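For reference, my_file_37.cif (mmCIF, C-alpha atoms):
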data_work
#
loop_
_atom_site.group_PDB
_atom_site.id
_atom_site.type_symbol
_atom_site.label_atom_id
_atom_site.label_comp_id
_atom_site.auth_asym_id
_atom_site.auth_seq_id
_atom_site.Cartn_x
_atom_site.Cartn_y
_atom_site.Cartn_z
ATOM 1 C CA ALA A 8 -185.646 -120.431 -8.499
ATOM 2 C CA PRO A 9 -189.138 -119.926 -9.959
ATOM 3 C CA TYR A 10 -189.830 -116.748 -7.977
ATOM 4 C CA ARG A 11 -186.563 -115.211 -9.178
ATOM 5 C CA LEU A 12 -187.279 -116.126 -12.794
ATOM 6 C CA HIS A 13 -190.755 -114.603 -12.493
ATOM 7 C CA ALA A 14 -189.336 -111.395 -10.981
ATOM 8 C CA VAL A 15 -186.658 -111.047 -13.683
ATOM 9 C CA LEU A 16 -189.124 -111.607 -16.520
ATOM 10 C CA ARG A 17 -191.601 -109.135 -15.009
ATOM 11 C CA PHE A 18 -188.812 -106.560 -14.819
ATOM 12 C CA LEU A 19 -187.793 -107.189 -18.431
ATOM 13 C CA SER A 20 -191.378 -106.913 -19.671
ATOM 14 C CA ARG A 21 -191.839 -103.405 -18.252
ATOM 15 C CA GLY A 22 -192.487 -100.757 -20.859
ATOM 16 C CA ALA A 23 -193.145 -103.255 -23.627
ATOM 17 C CA ARG A 24 -196.271 -103.432 -25.722
ATOM 18 C CA ALA A 25 -198.178 -106.673 -26.162
ATOM 19 C CA ALA A 26 -196.667 -108.836 -28.893
ATOM 20 C CA THR A 27 -198.830 -109.760 -31.832
ATOM 21 C CA ALA A 28 -199.172 -113.406 -32.794
ATOM 22 C CA GLN A 29 -197.138 -112.695 -35.931
ATOM 23 C CA GLU A 30 -194.284 -111.135 -33.919
ATOM 24 C CA ALA A 31 -194.219 -114.023 -31.455
ATOM 25 C CA GLU A 32 -194.334 -116.611 -34.245
ATOM 26 C CA ARG A 33 -191.473 -114.857 -36.031
ATOM 27 C CA ALA A 34 -189.415 -114.873 -32.818
ATOM 28 C CA ARG A 35 -190.202 -118.558 -32.220
ATOM 29 C CA ASN A 36 -189.166 -119.482 -35.749
ATOM 30 C CA ALA A 37 -185.908 -117.565 -35.339
ATOM 31 C CA ILE A 38 -185.094 -119.274 -32.032
ATOM 32 C CA VAL A 39 -185.943 -122.765 -33.258
ATOM 33 C CA GLY A 40 -184.110 -122.135 -36.529
ATOM 34 C CA LEU A 41 -180.939 -121.011 -34.760
ATOM 35 C CA SER A 42 -180.659 -123.920 -32.390
ATOM 36 C CA LEU A 43 -181.714 -127.545 -32.723
ATOM 37 C CA ARG A 44 -181.518 -127.669 -28.945
ATOM 38 C CA HIS A 45 -184.435 -125.232 -28.655
ATOM 39 C CA GLY A 46 -186.595 -127.065 -31.177
ATOM 40 C CA GLY A 47 -187.008 -130.132 -28.977
ATOM 41 C CA PRO A 48 -188.146 -130.701 -25.414
ATOM 42 C CA ARG A 49 -186.424 -127.676 -23.851
ATOM 43 C CA CYS A 50 -189.622 -125.696 -23.464
ATOM 44 C CA LEU A 51 -188.450 -123.478 -20.584
ATOM 45 C CA GLU A 52 -185.357 -122.247 -22.394
ATOM 46 C CA ARG A 53 -187.251 -121.876 -25.673
ATOM 47 C CA SER A 54 -190.102 -119.876 -24.127
ATOM 48 C CA ILE A 55 -187.696 -117.514 -22.350
ATOM 49 C CA ALA A 56 -185.671 -117.040 -25.547
ATOM 50 C CA ILE A 57 -188.848 -116.242 -27.512
ATOM 51 C CA ALA A 58 -189.942 -113.684 -24.917
ATOM 52 C CA LEU A 59 -186.503 -112.049 -24.934
ATOM 53 C CA MET A 60 -186.385 -111.994 -28.742
ATOM 54 C CA CYS A 61 -189.729 -110.198 -28.758
ATOM 55 C CA ARG A 62 -188.506 -107.773 -26.094
ATOM 56 C CA VAL A 63 -185.607 -106.714 -28.314
ATOM 57 C CA THR A 64 -188.208 -105.396 -30.761
ATOM 58 C CA GLY A 65 -190.198 -103.637 -28.023
ATOM 59 C CA SER A 66 -192.938 -106.217 -27.545
ATOM 60 C CA TRP A 67 -193.652 -108.923 -24.996
ATOM 61 C CA PRO A 68 -195.767 -112.078 -25.376
ATOM 62 C CA ASP A 69 -197.534 -113.677 -22.442
ATOM 63 C CA TRP A 70 -194.941 -116.037 -20.964
ATOM 64 C CA CYS A 71 -196.572 -119.007 -19.254
ATOM 65 C CA THR A 72 -195.689 -122.092 -17.265
ATOM 66 C CA GLY A 73 -198.142 -124.747 -16.252
ATOM 67 C CA VAL A 74 -198.692 -128.277 -15.039
ATOM 68 C CA SER A 75 -200.917 -131.153 -16.020
ATOM 69 C CA THR A 76 -201.786 -133.790 -13.429
ATOM 70 C CA HIS A 77 -202.854 -136.789 -15.542
ATOM 71 C CA PRO A 78 -200.110 -137.685 -16.278
ATOM 72 C CA PHE A 79 -197.995 -135.177 -14.362
ATOM 73 C CA GLU A 80 -196.196 -132.919 -16.783
ATOM 74 C CA ALA A 81 -194.792 -129.383 -16.667
ATOM 75 C CA HIS A 82 -194.561 -127.087 -19.669
ATOM 76 C CA ALA A 83 -193.586 -123.525 -20.589
ATOM 77 C CA TRP A 84 -194.824 -121.591 -23.613
ATOM 78 C CA VAL A 85 -195.684 -118.142 -24.919
ATOM 79 C CA GLU A 86 -199.028 -116.765 -25.988
ATOM 80 C CA ALA A 87 -199.966 -113.754 -28.072
ATOM 81 C CA GLU A 88 -203.416 -112.400 -28.806
ATOM 82 C CA GLY A 89 -204.801 -115.114 -26.517
ATOM 83 C CA GLU A 90 -203.357 -118.023 -28.516
ATOM 84 C CA PRO A 91 -200.407 -120.303 -27.738
ATOM 85 C CA ILE A 92 -197.596 -119.796 -30.249
ATOM 86 C CA GLY A 93 -196.188 -122.900 -31.898
ATOM 87 C CA GLU A 94 -198.156 -125.181 -29.595
ATOM 88 C CA ASN A 95 -201.124 -127.439 -30.108
ATOM 89 C CA PRO A 96 -204.050 -125.575 -28.472
ATOM 90 C CA ASP A 97 -205.787 -128.897 -27.749
ATOM 91 C CA GLU A 98 -202.805 -129.948 -25.626
ATOM 92 C CA ILE A 99 -202.229 -126.611 -23.895
ATOM 93 C CA ILE A 100 -205.768 -126.513 -22.465
ATOM 94 C CA HIS A 101 -204.834 -129.456 -20.209
ATOM 95 C CA PHE A 102 -202.236 -127.350 -18.391
ATOM 96 C CA PHE A 103 -203.099 -125.348 -15.289
ATOM 97 C CA ILE A 104 -201.158 -122.074 -15.520
ATOM 98 C CA THR A 105 -198.869 -121.671 -12.521
ATOM 99 C CA MET A 106 -196.976 -118.546 -13.648
ATOM 100 C CA LYS A 107 -197.722 -115.913 -16.250
ATOM 101 C CA VAL A 108 -195.835 -112.768 -17.168
ATOM 102 C CA SER A 109 -197.605 -110.385 -19.488
ATOM 103 C CA VAL A 110 -197.441 -106.664 -20.081
ATOM 104 C CA ARG A 111 -200.725 -106.451 -18.202
ATOM 105 C CA SER A 112 -199.472 -108.286 -15.062
#
Here is the file; what I need is its structure written in the form of structure tokens.
Amino acid sequence: APYRLHAVLRFLSRGARAATAQEAERARNAIVGLSLRHGGPRCLERSIAIALMCRVTGSWPDWCTGVSTHPFEAHAWVEAEGEPIGENPDEIIHFFITMKVSVRS
């Protein structure tokens, strides 16, 4: 359930420092490089894996989910230093953030 996922990720992010864009990009590359499954449309699994990979090193990116209404679409991604990691910023701005877990939340 979304509320449970949010609670678990908030718990896991405790005590972490904010991930840098370089750390988050490195984690994303490692996740996508390890599994073809996570390089495609599986954005939820990929974003969680990236956040957890960062957490292993003591950092945490902003983990986000959002929706777009025209056309309806849901997406999950990570951000670091205010920028989406591995995503097209021009596409991400069309998503309304519905959940966000950061070290500041």
Could you give me, as a ChimeraX atom specification, the residues within 12 Å of region 45-59 of chain A, counting all atoms listed in the file and dropping anything in the same chain fewer than 6 positions from it? /A:9,12-13,15-20,23,25-28,30-39,65-73,80-87,91-94,107-110
Restrict the selected residues to C-alpha atoms and save them as a PDB file, in the coordinates of the input.
ATOM      1  CA  PRO A   9    -189.138-119.926  -9.959  1.00  0.00           C
ATOM      2  CA  LEU A  12    -187.279-116.126 -12.794  1.00  0.00           C
ATOM      3  CA  HIS A  13    -190.755-114.603 -12.493  1.00  0.00           C
ATOM      4  CA  VAL A  15    -186.658-111.047 -13.683  1.00  0.00           C
ATOM      5  CA  LEU A  16    -189.124-111.607 -16.520  1.00  0.00           C
ATOM      6  CA  ARG A  17    -191.601-109.135 -15.009  1.00  0.00           C
ATOM      7  CA  PHE A  18    -188.812-106.560 -14.819  1.00  0.00           C
ATOM      8  CA  LEU A  19    -187.793-107.189 -18.431  1.00  0.00           C
ATOM      9  CA  SER A  20    -191.378-106.913 -19.671  1.00  0.00           C
ATOM     10  CA  ALA A  23    -193.145-103.255 -23.627  1.00  0.00           C
ATOM     11  CA  ALA A  25    -198.178-106.673 -26.162  1.00  0.00           C
ATOM     12  CA  ALA A  26    -196.667-108.836 -28.893  1.00  0.00           C
ATOM     13  CA  THR A  27    -198.830-109.760 -31.832  1.00  0.00           C
ATOM     14  CA  ALA A  28    -199.172-113.406 -32.794  1.00  0.00           C
ATOM     15  CA  GLU A  30    -194.284-111.135 -33.919  1.00  0.00           C
ATOM     16  CA  ALA A  31    -194.219-114.023 -31.455  1.00  0.00           C
ATOM     17  CA  GLU A  32    -194.334-116.611 -34.245  1.00  0.00           C
ATOM     18  CA  ARG A  33    -191.473-114.857 -36.031  1.00  0.00           C
ATOM     19  CA  ALA A  34    -189.415-114.873 -32.818  1.00  0.00           C
ATOM     20  CA  ARG A  35    -190.202-118.558 -32.220  1.00  0.00           C
ATOM     21  CA  ASN A  36    -189.166-119.482 -35.749  1.00  0.00           C
ATOM     22  CA  ALA A  37    -185.908-117.565 -35.339  1.00  0.00           C
ATOM     23  CA  ILE A  38    -185.094-119.274 -32.032  1.00  0.00           C
ATOM     24  CA  VAL A  39    -185.943-122.765 -33.258  1.00  0.00           C
ATOM     25  CA  GLY A  65    -190.198-103.637 -28.023  1.00  0.00           C
ATOM     26  CA  SER A  66    -192.938-106.217 -27.545  1.00  0.00           C
ATOM     27  CA  TRP A  67    -193.652-108.923 -24.996  1.00  0.00           C
ATOM     28  CA  PRO A  68    -195.767-112.078 -25.376  1.00  0.00           C
ATOM     29  CA  ASP A  69    -197.534-113.677 -22.442  1.00  0.00           C
ATOM     30  CA  TRP A  70    -194.941-116.037 -20.964  1.00  0.00           C
ATOM     31  CA  CYS A  71    -196.572-119.007 -19.254  1.00  0.00           C
ATOM     32  CA  THR A  72    -195.689-122.092 -17.265  1.00  0.00           C
ATOM     33  CA  GLY A  73    -198.142-124.747 -16.252  1.00  0.00           C
ATOM     34  CA  GLU A  80    -196.196-132.919 -16.783  1.00  0.00           C
ATOM     35  CA  ALA A  81    -194.792-129.383 -16.667  1.00  0.00           C
ATOM     36  CA  HIS A  82    -194.561-127.087 -19.669  1.00  0.00           C
ATOM     37  CA  ALA A  83    -193.586-123.525 -20.589  1.00  0.00           C
ATOM     38  CA  TRP A  84    -194.824-121.591 -23.613  1.00  0.00           C
ATOM     39  CA  VAL A  85    -195.684-118.142 -24.919  1.00  0.00           C
ATOM     40  CA  GLU A  86    -199.028-116.765 -25.988  1.00  0.00           C
ATOM     41  CA  ALA A  87    -199.966-113.754 -28.072  1.00  0.00           C
ATOM     42  CA  PRO A  91    -200.407-120.303 -27.738  1.00  0.00           C
ATOM     43  CA  ILE A  92    -197.596-119.796 -30.249  1.00  0.00           C
ATOM     44  CA  GLY A  93    -196.188-122.900 -31.898  1.00  0.00           C
ATOM     45  CA  GLU A  94    -198.156-125.181 -29.595  1.00  0.00           C
ATOM     46  CA  LYS A 107    -197.722-115.913 -16.250  1.00  0.00           C
ATOM     47  CA  VAL A 108    -195.835-112.768 -17.168  1.00  0.00           C
ATOM     48  CA  SER A 109    -197.605-110.385 -19.488  1.00  0.00           C
ATOM     49  CA  VAL A 110    -197.441-106.664 -20.081  1.00  0.00           C
TER      50      VAL A 110
END
Residues in the PyMOL selection byres ((chain A and resi 101) around 10), expressed as a ChimeraX atom specification: /A:73-77,80,96-100,102-104
Would you work out the distance separating CA of Gly22 (chain A) from CA of Asn95 (chain A), expressed in Å to one decimal?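 Answer for the CA of Gly22 (chain A) to CA of Asn95 (chain A) separation: 29.5 Å.
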With distances taken over all atoms listed in the file, which of A:Gly40, A:Arg62, A:Thr105, A:Glu90 is nearest to Arg21 (chain A)?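 The shortest atom-to-atom distance to Arg21 (chain A) comes from A:Arg62.
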As AutoDock Vina command-line options, what would the box around region 59-71 of chain A look like: edges along x, y and z, 8 Å added on every side, centre and edge lengths in Å to one decimal?
--center_x -191.6 --center_y -111.3 --center_z -25.0 --size_x 27.9 --size_y 31.4 --size_z 27.5
Complete the atoms of region 14-30 of chain A to N, CA, C and O atoms and put them out as a PDB file, keeping the file's coordinate frame.
ATOM      1  N   ALA A  14    -189.683-112.792 -11.262  1.00  0.00           N
ATOM      2  CA  ALA A  14    -189.336-111.395 -10.981  1.00  0.00           C
ATOM      3  C   ALA A  14    -188.491-110.800 -12.108  1.00  0.00           C
ATOM      4  O   ALA A  14    -188.719-109.656 -12.529  1.00  0.00           O
ATOM      5  N   VAL A  15    -187.523-111.545 -12.604  1.00  0.00           N
ATOM      6  CA  VAL A  15    -186.658-111.047 -13.683  1.00  0.00           C
ATOM      7  C   VAL A  15    -187.472-110.814 -14.952  1.00  0.00           C
ATOM      8  O   VAL A  15    -187.335-109.780 -15.615  1.00  0.00           O
ATOM      9  N   LEU A  16    -188.321-111.765 -15.300  1.00  0.00           N
ATOM     10  CA  LEU A  16    -189.124-111.607 -16.520  1.00  0.00           C
ATOM     11  C   LEU A  16    -190.123-110.463 -16.384  1.00  0.00           C
ATOM     12  O   LEU A  16    -190.363-109.735 -17.353  1.00  0.00           O
ATOM     13  N   ARG A  17    -190.701-110.284 -15.211  1.00  0.00           N
ATOM     14  CA  ARG A  17    -191.601-109.135 -15.009  1.00  0.00           C
ATOM     15  C   ARG A  17    -190.843-107.828 -15.203  1.00  0.00           C
ATOM     16  O   ARG A  17    -191.343-106.886 -15.814  1.00  0.00           O
ATOM     17  N   PHE A  18    -189.628-107.763 -14.661  1.00  0.00           N
ATOM     18  CA  PHE A  18    -188.812-106.560 -14.819  1.00  0.00           C
ATOM     19  C   PHE A  18    -188.514-106.302 -16.293  1.00  0.00           C
ATOM     20  O   PHE A  18    -188.633-105.172 -16.773  1.00  0.00           O
ATOM     21  N   LEU A  19    -188.138-107.342 -17.018  1.00  0.00           N
ATOM     22  CA  LEU A  19    -187.793-107.189 -18.431  1.00  0.00           C
ATOM     23  C   LEU A  19    -188.996-106.823 -19.294  1.00  0.00           C
ATOM     24  O   LEU A  19    -188.840-106.198 -20.336  1.00  0.00           O
ATOM     25  N   SER A  20    -190.184-107.203 -18.874  1.00  0.00           N
ATOM     26  CA  SER A  20    -191.378-106.913 -19.671  1.00  0.00           C
ATOM     27  C   SER A  20    -191.870-105.478 -19.502  1.00  0.00           C
ATOM     28  O   SER A  20    -192.690-105.009 -20.299  1.00  0.00           O
ATOM     29  N   ARG A  21    -191.380-104.776 -18.504  1.00  0.00           N
ATOM     30  CA  ARG A  21    -191.839-103.405 -18.252  1.00  0.00           C
ATOM     31  C   ARG A  21    -191.600-102.502 -19.452  1.00  0.00           C
ATOM     32  O   ARG A  21    -190.544-102.526 -20.068  1.00  0.00           O
ATOM     33  N   GLY A  22    -192.602-101.720 -19.777  1.00  0.00           N
ATOM     34  CA  GLY A  22    -192.487-100.757 -20.859  1.00  0.00           C
ATOM     35  C   GLY A  22    -192.706-101.339 -22.243  1.00  0.00           C
ATOM     36  O   GLY A  22    -192.662-100.618 -23.235  1.00  0.00           O
ATOM     37  N   ALA A  23    -192.920-102.630 -22.320  1.00  0.00           N
ATOM     38  CA  ALA A  23    -193.145-103.255 -23.627  1.00  0.00           C
ATOM     39  C   ALA A  23    -194.624-103.168 -23.995  1.00  0.00           C
ATOM     40  O   ALA A  23    -195.477-102.974 -23.139  1.00  0.00           O
ATOM     41  N   ARG A  24    -194.882-103.315 -25.266  1.00  0.00           N
ATOM     42  CA  ARG A  24    -196.271-103.432 -25.722  1.00  0.00           C
ATOM     43  C   ARG A  24    -196.549-104.911 -25.939  1.00  0.00           C
ATOM     44  O   ARG A  24    -195.629-105.718 -26.063  1.00  0.00           O
ATOM     45  N   ALA A  25    -197.809-105.271 -25.958  1.00  0.00           N
ATOM     46  CA  ALA A  25    -198.178-106.673 -26.162  1.00  0.00           C
ATOM     47  C   ALA A  25    -197.742-107.133 -27.552  1.00  0.00           C
ATOM     48  O   ALA A  25    -197.975-106.443 -28.542  1.00  0.00           O
ATOM     49  N   ALA A  26    -197.111-108.278 -27.604  1.00  0.00           N
ATOM     50  CA  ALA A  26    -196.667-108.836 -28.893  1.00  0.00           C
ATOM     51  C   ALA A  26    -197.868-109.343 -29.675  1.00  0.00           C
ATOM     52  O   ALA A  26    -198.822-109.862 -29.107  1.00  0.00           O
ATOM     53  N   THR A  27    -197.809-109.166 -30.970  1.00  0.00           N
ATOM     54  CA  THR A  27    -198.830-109.760 -31.832  1.00  0.00           C
ATOM     55  C   THR A  27    -198.469-111.230 -32.049  1.00  0.00           C
ATOM     56  O   THR A  27    -197.319-111.646 -31.828  1.00  0.00           O
ATOM     57  N   ALA A  28    -199.435-111.997 -32.502  1.00  0.00           N
ATOM     58  CA  ALA A  28    -199.172-113.406 -32.794  1.00  0.00           C
ATOM     59  C   ALA A  28    -198.099-113.536 -33.873  1.00  0.00           C
ATOM     60  O   ALA A  28    -197.237-114.424 -33.799  1.00  0.00           O
ATOM     61  N   GLN A  29    -198.128-112.653 -34.849  1.00  0.00           N
ATOM     62  CA  GLN A  29    -197.138-112.695 -35.931  1.00  0.00           C
ATOM     63  C   GLN A  29    -195.732-112.416 -35.389  1.00  0.00           C
ATOM     64  O   GLN A  29    -194.774-113.096 -35.766  1.00  0.00           O
ATOM     65  N   GLU A  30    -195.594-111.439 -34.503  1.00  0.00           N
ATOM     66  CA  GLU A  30    -194.284-111.135 -33.919  1.00  0.00           C
ATOM     67  C   GLU A  30    -193.761-112.317 -33.095  1.00  0.00           C
ATOM     68  O   GLU A  30    -192.585-112.684 -33.195  1.00  0.00           O
TER      69      GLU A  30
END
